[in-house]
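Here is the structure we will look at, set down as structure tokens.
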Amino acid sequence: MNTMGCWSDSRLFNDQNNPVPYTLFLGWRLPSLSVNADGSTIEFPAPFDSEFRTTVYERINGARDLLNSEWCLGYFFQNEYHFRKNNGDTRYRVAYAYMQASDNSDAKEAIIGFLQKRHSSISALNTAWGTQYTGWAAVRALDEIPSGGDADAQAWEEAYADELYKIINEEGDKVSPALFLGSRFIAFTPVHMMNAAAPHLDVIGINWYRFSPNDIHITSTDKPIIIGEFHFGAVERGYFHTGLRAVGDQDDRADALYHYLRDALEHERIVGAHWFQYRSQAVTGRKDGENFQIGLVDLCDAPYPEIRTAARSIGKNLYRIRGAQYLPPDLDKDGIPDSVETAHGLDPNNPSDASGDLDEDDKSNFVEFVLGTDLSETSQFMSPIIAVTSTNSEVTIPAKDVQAGRRYLLQHSHDLNSEWALIDSFTADSSTSGPQTYTLPKTITDGFYRIQVELVD
């Protein structure tokens, strides 16, 4: 975990004792426009309102100090605009909302002006729409663009998104260099609106409640993507609702978490993913009734062990997974580069080679590759030197065993069954020379030590 996501308590920001990068949420109470459709009311921001730009600046400027902290990654501006009701909704609801606006309002003037620029005359509009209006007054009186005008309705939504995100970005740049992370798109945000917004975003924020982020449908831009929310829930431990993505039990939650994040790490455009949320919700529900079992910890702050294990596993391998595309070719994905396998007579297409023991020294080929010893030479092995005196205890890795591109971690466990705690570490690169020595803590008087070796990119 390396960032605090949206909705985090601002009292945690800039904690000098434990600083963590964070994101901000901004933008409540803006000039807006609502549309009544299919028995529900949907509210949209109103970027063509004469007060909109000023209000946006005020909202962003009110968080100036937090935005300009070196620990602020960026900001989300508002949340989950429902430009569509669901995935099956094909209506152009933003165009619908603007056509329903009161006559002579900023909203109505904006969309009528847009249509007049696209069509040189009412005759040209009638030809495009297949209609027979006698003048622009008849168009102004409409509550909705007819189906023959779908191309104009979509073009209006693109112009709307362009104006909305342009204003937010411009006003944000007046206050802070913090990244503009968008407004947290959702799965049924129209693609044409996301693409229209993208040029004004530093990072495209999207809340993606699926089992994998691989099918995120933003097509016409190469902007980086940050997942603002995702989660998985189960109900076998005292809860009644799984949240937005249900699985069978806590093992399934852990598995889903791991694979979702692995897919995100392997996605060339995704730069982060925020789990929603840290703590499971109260069984009695929050103010809107949500009572989801979706936390990393339960309501009493006790971690779900399965989730903790999965999070540690993905976190430990985060940079290695992300950097895999920059590593030497490894056709069978056994962790040993093809060039090393070929040099030692192994098959680059056979993943079982990794567990083999070419020199029969009781260390697998993969272990020897990680340690940096010769896979086919029995006399090569890692041999730490332990020195114990009345005043000090040390473990030294001889110079011959220190290999560039490895991280060496000294760890301690009290009884081999408890977790291994990190005592010290160092990373070797091409400039590292000579032996490396750890001093064992005098405060630890029992248990076991080990040196763990990891590949680094």
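As shown in the structure tokens, the chain order sets the letters A, B, ...; within each chain, residues go from 1, and ligands are also counted from 1 in the order they appear.
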
*From region 190-380 of chain A, collect each residue whose DSSP state is strand (DSSP E) and return the set as a ChimeraX atom specification.*
/A:204-207,225-229,270-273

*Which polymer residues have any atom within 12 Å of an atom of region 193-202 of chain A, counting only C-alpha atoms, with same-chain residues fewer than 6 positions away left out, as an MDAnalysis selection string?*
chainID A and resid 73:77 81:84 92:94 153:173 177:187 216:226 271

Could you pull out the residues in region 167-355 of chain A that DSSP calls helix (DSSP H, G or I) from the backbone, as a tab-separated table (two decimals) with N, CA and C atoms, in the first residue's frame?
```
chain	number	residue	atom	x	y	z
A	167	ILE	N	-12.42	23.35	-18.12
A	167	ILE	CA	-12.55	24.36	-17.06
A	167	ILE	C	-11.90	23.89	-15.77
A	168	ILE	N	-12.18	22.66	-15.36
A	168	ILE	CA	-11.61	22.15	-14.11
A	168	ILE	C	-10.10	22.13	-14.19
A	169	ASN	N	-9.56	21.67	-15.30
A	169	ASN	CA	-8.11	21.59	-15.46
A	169	ASN	C	-7.48	22.98	-15.44
A	170	GLU	N	-8.07	23.92	-16.16
A	170	GLU	CA	-7.51	25.27	-16.20
A	170	GLU	C	-7.54	25.94	-14.84
A	171	GLU	N	-8.63	25.79	-14.12
A	171	GLU	CA	-8.72	26.41	-12.80
A	171	GLU	C	-7.81	25.71	-11.80
A	172	GLY	N	-7.66	24.40	-11.94
A	172	GLY	CA	-6.75	23.67	-11.07
A	172	GLY	C	-5.31	24.09	-11.27
A	173	ASP	N	-4.93	24.32	-12.51
A	173	ASP	CA	-3.55	24.72	-12.80
A	173	ASP	C	-3.22	26.09	-12.22
A	174	LYS	N	-4.22	26.91	-11.97
A	174	LYS	CA	-3.98	28.22	-11.35
A	174	LYS	C	-3.59	28.08	-9.88
A	175	VAL	N	-3.95	26.95	-9.29
A	175	VAL	CA	-3.76	26.75	-7.85
A	175	VAL	C	-2.58	25.86	-7.54
A	191	VAL	N	-18.10	6.04	-23.70
A	191	VAL	CA	-16.72	6.10	-24.15
A	191	VAL	C	-16.43	7.42	-24.85
A	192	HIS	N	-17.39	7.92	-25.63
A	192	HIS	CA	-17.12	9.16	-26.36
A	192	HIS	C	-16.93	10.34	-25.40
A	193	MET	N	-17.55	10.28	-24.22
A	193	MET	CA	-17.37	11.36	-23.26
A	193	MET	C	-16.03	11.22	-22.54
A	194	MET	N	-15.63	9.99	-22.24
A	194	MET	CA	-14.31	9.79	-21.63
A	194	MET	C	-13.21	10.25	-22.57
A	195	ASN	N	-13.34	9.91	-23.84
A	195	ASN	CA	-12.32	10.30	-24.80
A	195	ASN	C	-12.28	11.81	-25.00
A	196	ALA	N	-13.43	12.47	-24.92
A	196	ALA	CA	-13.46	13.93	-25.04
A	196	ALA	C	-12.83	14.60	-23.82
A	197	ALA	N	-12.97	13.98	-22.66
A	197	ALA	CA	-12.40	14.54	-21.43
A	197	ALA	C	-10.90	14.32	-21.33
A	198	ALA	N	-10.42	13.22	-21.90
A	198	ALA	CA	-9.04	12.76	-21.67
A	198	ALA	C	-7.96	13.81	-21.94
A	199	PRO	N	-8.05	14.63	-22.99
A	199	PRO	CA	-6.98	15.61	-23.22
A	199	PRO	C	-6.77	16.58	-22.07
A	200	HIS	N	-7.77	16.75	-21.23
A	200	HIS	CA	-7.67	17.71	-20.12
A	200	HIS	C	-7.28	17.04	-18.80
A	213	PRO	N	-9.21	-5.48	-14.55
A	213	PRO	CA	-9.23	-4.18	-15.24
A	213	PRO	C	-8.85	-4.28	-16.70
A	214	ASN	N	-8.66	-5.49	-17.20
A	214	ASN	CA	-8.17	-5.64	-18.58
A	214	ASN	C	-9.16	-5.16	-19.63
A	215	ASP	N	-10.45	-5.07	-19.27
A	215	ASP	CA	-11.45	-4.68	-20.26
A	215	ASP	C	-11.89	-3.23	-20.12
A	250	GLN	N	-13.56	-15.71	2.12
A	250	GLN	CA	-12.39	-14.85	2.26
A	250	GLN	C	-11.22	-15.33	1.41
A	251	ASP	N	-11.09	-16.63	1.22
A	251	ASP	CA	-10.05	-17.13	0.32
A	251	ASP	C	-10.29	-16.63	-1.10
A	252	ASP	N	-11.56	-16.63	-1.51
A	252	ASP	CA	-11.89	-16.13	-2.85
A	252	ASP	C	-11.63	-14.63	-2.95
A	253	ARG	N	-11.91	-13.90	-1.87
A	253	ARG	CA	-11.62	-12.46	-1.86
A	253	ARG	C	-10.13	-12.22	-2.07
A	254	ALA	N	-9.32	-12.98	-1.33
A	254	ALA	CA	-7.87	-12.81	-1.44
A	254	ALA	C	-7.39	-13.13	-2.84
A	255	ASP	N	-7.91	-14.21	-3.41
A	255	ASP	CA	-7.51	-14.60	-4.76
A	255	ASP	C	-7.92	-13.53	-5.77
A	256	ALA	N	-9.14	-13.01	-5.62
A	256	ALA	CA	-9.62	-11.97	-6.55
A	256	ALA	C	-8.78	-10.70	-6.43
A	257	LEU	N	-8.45	-10.31	-5.19
A	257	LEU	CA	-7.61	-9.13	-4.97
A	257	LEU	C	-6.26	-9.30	-5.65
A	258	TYR	N	-5.63	-10.45	-5.44
A	258	TYR	CA	-4.30	-10.68	-6.01
A	258	TYR	C	-4.34	-10.59	-7.53
A	259	HIS	N	-5.28	-11.28	-8.15
A	259	HIS	CA	-5.30	-11.35	-9.61
A	259	HIS	C	-5.73	-10.01	-10.23
A	260	TYR	N	-6.61	-9.28	-9.57
A	260	TYR	CA	-6.99	-7.95	-10.06
A	260	TYR	C	-5.76	-7.04	-10.10
A	261	LEU	N	-5.02	-7.02	-8.99
A	261	LEU	CA	-3.85	-6.15	-8.93
A	261	LEU	C	-2.74	-6.63	-9.86
A	262	ARG	N	-2.62	-7.93	-10.01
A	262	ARG	CA	-1.61	-8.44	-10.96
A	262	ARG	C	-1.95	-7.98	-12.38
A	263	ASP	N	-3.23	-8.09	-12.75
A	263	ASP	CA	-3.64	-7.62	-14.07
A	263	ASP	C	-3.37	-6.12	-14.22
A	264	ALA	N	-3.62	-5.36	-13.15
A	264	ALA	CA	-3.37	-3.92	-13.21
A	264	ALA	C	-1.88	-3.64	-13.39
A	265	LEU	N	-1.04	-4.38	-12.69
A	265	LEU	CA	0.40	-4.19	-12.80
A	265	LEU	C	0.91	-4.53	-14.20
A	266	GLU	N	0.28	-5.49	-14.83
A	266	GLU	CA	0.71	-5.91	-16.16
A	266	GLU	C	0.09	-5.08	-17.27
A	305	PRO	N	-7.09	-12.24	7.67
A	305	PRO	CA	-5.77	-12.84	7.40
A	305	PRO	C	-5.55	-13.16	5.93
A	306	GLU	N	-6.59	-13.64	5.25
A	306	GLU	CA	-6.43	-14.02	3.85
A	306	GLU	C	-6.12	-12.79	2.98
A	307	ILE	N	-6.81	-11.70	3.26
A	307	ILE	CA	-6.57	-10.47	2.51
A	307	ILE	C	-5.18	-9.93	2.81
A	308	ARG	N	-4.79	-9.99	4.07
A	308	ARG	CA	-3.45	-9.51	4.46
A	308	ARG	C	-2.37	-10.28	3.71
A	309	THR	N	-2.52	-11.59	3.64
A	309	THR	CA	-1.53	-12.41	2.95
A	309	THR	C	-1.46	-12.06	1.47
A	310	ALA	N	-2.62	-11.90	0.84
A	310	ALA	CA	-2.65	-11.57	-0.59
A	310	ALA	C	-2.03	-10.20	-0.84
A	311	ALA	N	-2.35	-9.23	0.02
A	311	ALA	CA	-1.81	-7.88	-0.15
A	311	ALA	C	-0.30	-7.88	0.01
A	312	ARG	N	0.19	-8.64	0.97
A	312	ARG	CA	1.65	-8.72	1.16
A	312	ARG	C	2.31	-9.38	-0.04
A	313	SER	N	1.67	-10.40	-0.55
A	313	SER	CA	2.26	-11.13	-1.68
A	313	SER	C	2.38	-10.24	-2.91
A	314	ILE	N	1.32	-9.52	-3.22
A	314	ILE	CA	1.37	-8.66	-4.41
A	314	ILE	C	2.29	-7.46	-4.16
A	315	GLY	N	2.28	-6.94	-2.93
A	315	GLY	CA	3.15	-5.81	-2.61
A	315	GLY	C	4.62	-6.17	-2.69
A	316	LYS	N	4.94	-7.36	-2.22
A	316	LYS	CA	6.33	-7.81	-2.24
A	316	LYS	C	6.86	-7.94	-3.66
A	318	LEU	N	5.51	-6.32	-6.36
A	318	LEU	CA	4.93	-5.26	-7.18
A	318	LEU	C	5.89	-4.78	-8.27
A	319	TYR	N	7.10	-4.42	-7.91
A	319	TYR	CA	8.01	-3.85	-8.89
A	319	TYR	C	8.52	-4.90	-9.86
A	320	ARG	N	8.65	-6.11	-9.38
A	320	ARG	CA	9.10	-7.17	-10.28
A	320	ARG	C	8.03	-7.47	-11.34
A	321	ILE	N	6.76	-7.52	-10.93
A	321	ILE	CA	5.69	-7.78	-11.90
A	321	ILE	C	5.59	-6.61	-12.87
A	322	ARG	N	5.61	-5.39	-12.34
A	322	ARG	CA	5.48	-4.21	-13.19
A	322	ARG	C	6.64	-4.12	-14.17
A	323	GLY	N	7.82	-4.48	-13.72
A	323	GLY	CA	8.99	-4.35	-14.58
A	323	GLY	C	9.29	-5.55	-15.44
A	324	ALA	N	8.41	-6.55	-15.42
A	324	ALA	CA	8.69	-7.79	-16.15
A	324	ALA	C	8.91	-7.53	-17.63
A	325	GLN	N	8.22	-6.52	-18.18
A	325	GLN	CA	8.36	-6.24	-19.60
A	325	GLN	C	9.76	-5.72	-19.94
A	326	TYR	N	10.50	-5.27	-18.91
A	326	TYR	CA	11.84	-4.77	-19.15
A	326	TYR	C	12.92	-5.81	-18.82
A	338	ASP	N	16.12	-16.72	-20.65
A	338	ASP	CA	16.44	-17.68	-21.71
A	338	ASP	C	17.94	-17.79	-21.93
A	339	SER	N	18.64	-16.65	-21.86
A	339	SER	CA	20.09	-16.66	-22.12
A	339	SER	C	20.83	-17.50	-21.09
A	340	VAL	N	20.39	-17.45	-19.82
A	340	VAL	CA	21.02	-18.25	-18.77
A	340	VAL	C	20.73	-19.73	-18.99
A	341	GLU	N	19.48	-20.04	-19.34
A	341	GLU	CA	19.12	-21.44	-19.58
A	341	GLU	C	19.91	-22.01	-20.75
A	342	THR	N	20.00	-21.26	-21.83
A	342	THR	CA	20.73	-21.73	-23.01
A	342	THR	C	22.21	-21.94	-22.69
A	343	ALA	N	22.79	-21.03	-21.93
A	343	ALA	CA	24.21	-21.13	-21.58
A	343	ALA	C	24.51	-22.38	-20.76
A	351	PRO	N	9.42	-24.99	-18.33
A	351	PRO	CA	9.44	-24.32	-17.02
A	351	PRO	C	9.90	-25.22	-15.87
A	352	SER	N	9.87	-26.54	-16.07
A	352	SER	CA	10.30	-27.43	-14.99
A	352	SER	C	11.79	-27.35	-14.73
A	353	ASP	N	12.54	-26.75	-15.67
A	353	ASP	CA	13.98	-26.58	-15.46
A	353	ASP	C	14.28	-25.78	-14.20
A	354	ALA	N	13.39	-24.88	-13.84
A	354	ALA	CA	13.64	-24.01	-12.69
A	354	ALA	C	13.77	-24.81	-11.41
A	355	SER	N	12.99	-25.88	-11.27
A	355	SER	CA	13.03	-26.68	-10.05
A	355	SER	C	14.09	-27.78	-10.11
```

*asked:* So, with only C-alpha atoms as the atoms that count, which of A:Pro146, A:Pro441, A:Gly243, A:Gly356 lies closest to Leu422 (chain A)?
replied: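 For Leu422 (chain A), the nearest of the given residues is A:Pro441.
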
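Every protein, DNA or RNA residue with an atom at most 8 Å from region 11-28 of chain A, where only C-alpha atoms count and chain neighbours fewer than 6 positions away do not, is listed here: Asn2, Thr3, Met4, Gly5, Val56, Arg59, Ile60, Leu66, Leu67, Ser69, Trp71, Cys72, Leu73, Gly74, Tyr75, Phe76, Phe77 and Gln78 of chain A.
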
Taking 2 positions as the minimum chain separation for residues in the same chain, which residues sit within 12 Å of region 434-437 of chain A when counting only C-alpha atoms? Answer as a short mmCIF file (atom, residue, chain, number, x, y, z; two decimals) with N, CA and C atoms, in the first residue's frame.
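Contents of part_25.cif, freshly written:
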```cif
data_model
loop_
_atom_site.label_atom_id
_atom_site.label_comp_id
_atom_site.auth_asym_id
_atom_site.auth_seq_id
_atom_site.Cartn_x
_atom_site.Cartn_y
_atom_site.Cartn_z
N SER A 383 27.99 -18.40 1.14
CA SER A 383 28.51 -18.84 2.44
C SER A 383 28.69 -17.66 3.39
N PRO A 384 27.62 -17.21 4.04
CA PRO A 384 27.74 -16.12 5.01
C PRO A 384 28.68 -16.51 6.16
N ILE A 385 29.37 -15.51 6.69
CA ILE A 385 30.30 -15.71 7.80
C ILE A 385 29.69 -15.11 9.06
N ILE A 386 29.61 -15.91 10.11
CA ILE A 386 29.04 -15.45 11.38
C ILE A 386 30.16 -15.23 12.38
N ALA A 387 30.17 -14.05 12.99
CA ALA A 387 31.18 -13.74 14.01
C ALA A 387 30.47 -13.31 15.29
N SER A 393 27.74 -9.17 17.59
CA SER A 393 27.50 -10.32 16.71
C SER A 393 27.24 -9.79 15.31
N GLU A 394 27.89 -10.42 14.31
CA GLU A 394 27.78 -9.94 12.95
C GLU A 394 27.60 -11.10 11.98
N VAL A 395 26.93 -10.79 10.88
CA VAL A 395 26.84 -11.72 9.75
C VAL A 395 27.39 -11.01 8.53
N THR A 396 28.33 -11.62 7.86
CA THR A 396 28.97 -11.01 6.70
C THR A 396 28.73 -11.86 5.45
N ILE A 397 28.34 -11.20 4.38
CA ILE A 397 28.26 -11.86 3.07
C ILE A 397 29.56 -11.55 2.35
N PRO A 398 30.38 -12.56 2.06
CA PRO A 398 31.67 -12.32 1.41
C PRO A 398 31.50 -11.62 0.07
N ALA A 399 32.54 -10.91 -0.35
CA ALA A 399 32.48 -10.16 -1.60
C ALA A 399 32.14 -11.04 -2.79
N LYS A 400 32.64 -12.29 -2.79
CA LYS A 400 32.39 -13.18 -3.93
C LYS A 400 30.91 -13.53 -4.08
N ASP A 401 30.16 -13.41 -2.99
CA ASP A 401 28.74 -13.78 -3.02
C ASP A 401 27.82 -12.59 -3.26
N VAL A 402 28.36 -11.39 -3.26
CA VAL A 402 27.53 -10.20 -3.48
C VAL A 402 27.38 -9.97 -4.98
N GLN A 403 26.16 -10.12 -5.48
CA GLN A 403 25.90 -10.03 -6.91
C GLN A 403 25.01 -8.82 -7.22
N ALA A 404 25.38 -8.08 -8.24
CA ALA A 404 24.59 -6.93 -8.66
C ALA A 404 23.18 -7.37 -9.07
N ARG A 407 18.80 -7.93 -3.92
CA ARG A 407 18.56 -7.30 -2.63
C ARG A 407 18.75 -8.37 -1.55
N TYR A 408 19.55 -8.07 -0.53
CA TYR A 408 19.86 -9.01 0.54
C TYR A 408 19.16 -8.54 1.81
N LEU A 409 18.31 -9.40 2.36
CA LEU A 409 17.50 -9.02 3.52
C LEU A 409 17.83 -9.93 4.70
N LEU A 410 18.27 -9.34 5.81
CA LEU A 410 18.48 -10.09 7.04
C LEU A 410 17.17 -10.10 7.80
N ASP A 424 17.50 -5.80 8.56
CA ASP A 424 18.32 -4.89 7.76
C ASP A 424 18.33 -5.40 6.33
N SER A 425 18.71 -4.52 5.40
CA SER A 425 18.79 -4.95 4.00
C SER A 425 19.74 -4.03 3.25
N PHE A 426 20.22 -4.49 2.11
CA PHE A 426 20.94 -3.64 1.19
C PHE A 426 20.74 -4.18 -0.22
N THR A 427 20.87 -3.29 -1.19
CA THR A 427 20.72 -3.66 -2.59
C THR A 427 22.05 -3.47 -3.29
N ALA A 428 22.49 -4.50 -4.00
CA ALA A 428 23.77 -4.45 -4.70
C ALA A 428 23.56 -4.04 -6.15
N ASP A 429 24.42 -3.14 -6.63
CA ASP A 429 24.40 -2.79 -8.05
C ASP A 429 25.81 -2.93 -8.61
N SER A 430 26.02 -2.44 -9.81
CA SER A 430 27.31 -2.65 -10.47
C SER A 430 28.46 -1.95 -9.75
N SER A 431 28.14 -0.97 -8.90
CA SER A 431 29.20 -0.25 -8.19
C SER A 431 29.51 -0.85 -6.82
N THR A 432 28.72 -1.84 -6.39
CA THR A 432 28.93 -2.45 -5.08
C THR A 432 30.19 -3.31 -5.09
N THR A 439 25.05 -6.10 11.49
CA THR A 439 25.22 -6.22 12.93
C THR A 439 23.91 -6.70 13.53
N LEU A 440 23.95 -7.79 14.28
CA LEU A 440 22.73 -8.35 14.86
C LEU A 440 22.31 -7.54 16.08
N ILE A 451 19.07 -15.03 5.70
CA ILE A 451 19.30 -14.02 4.67
C ILE A 451 18.46 -14.39 3.45
#
```

*Have a look at CA of Gly335 (chain A) and CA of Phe366 (chain A) and let me know their distance in Å, one decimal.*
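About the pair CA of Gly335 (chain A) and CA of Phe366 (chain A): they are 6.9 Å apart.
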
At a cut-off of 8 Å, can you tabulate as CSV every residue of region 133-227 of chain A near region 101-116 of chain A together with its closest atom pair and the distance in Å to one decimal, using only C-alpha atoms and ordering rows by chain then number?
```
residue,atom,partner,partner_atom,distance
A:Val139,CA,A:Ile112,CA,8.0
A:Arg140,CA,A:Ile112,CA,6.7
A:Asp152,CA,A:Leu115,CA,7.4
A:Trp156,CA,A:Ile111,CA,7.3
```
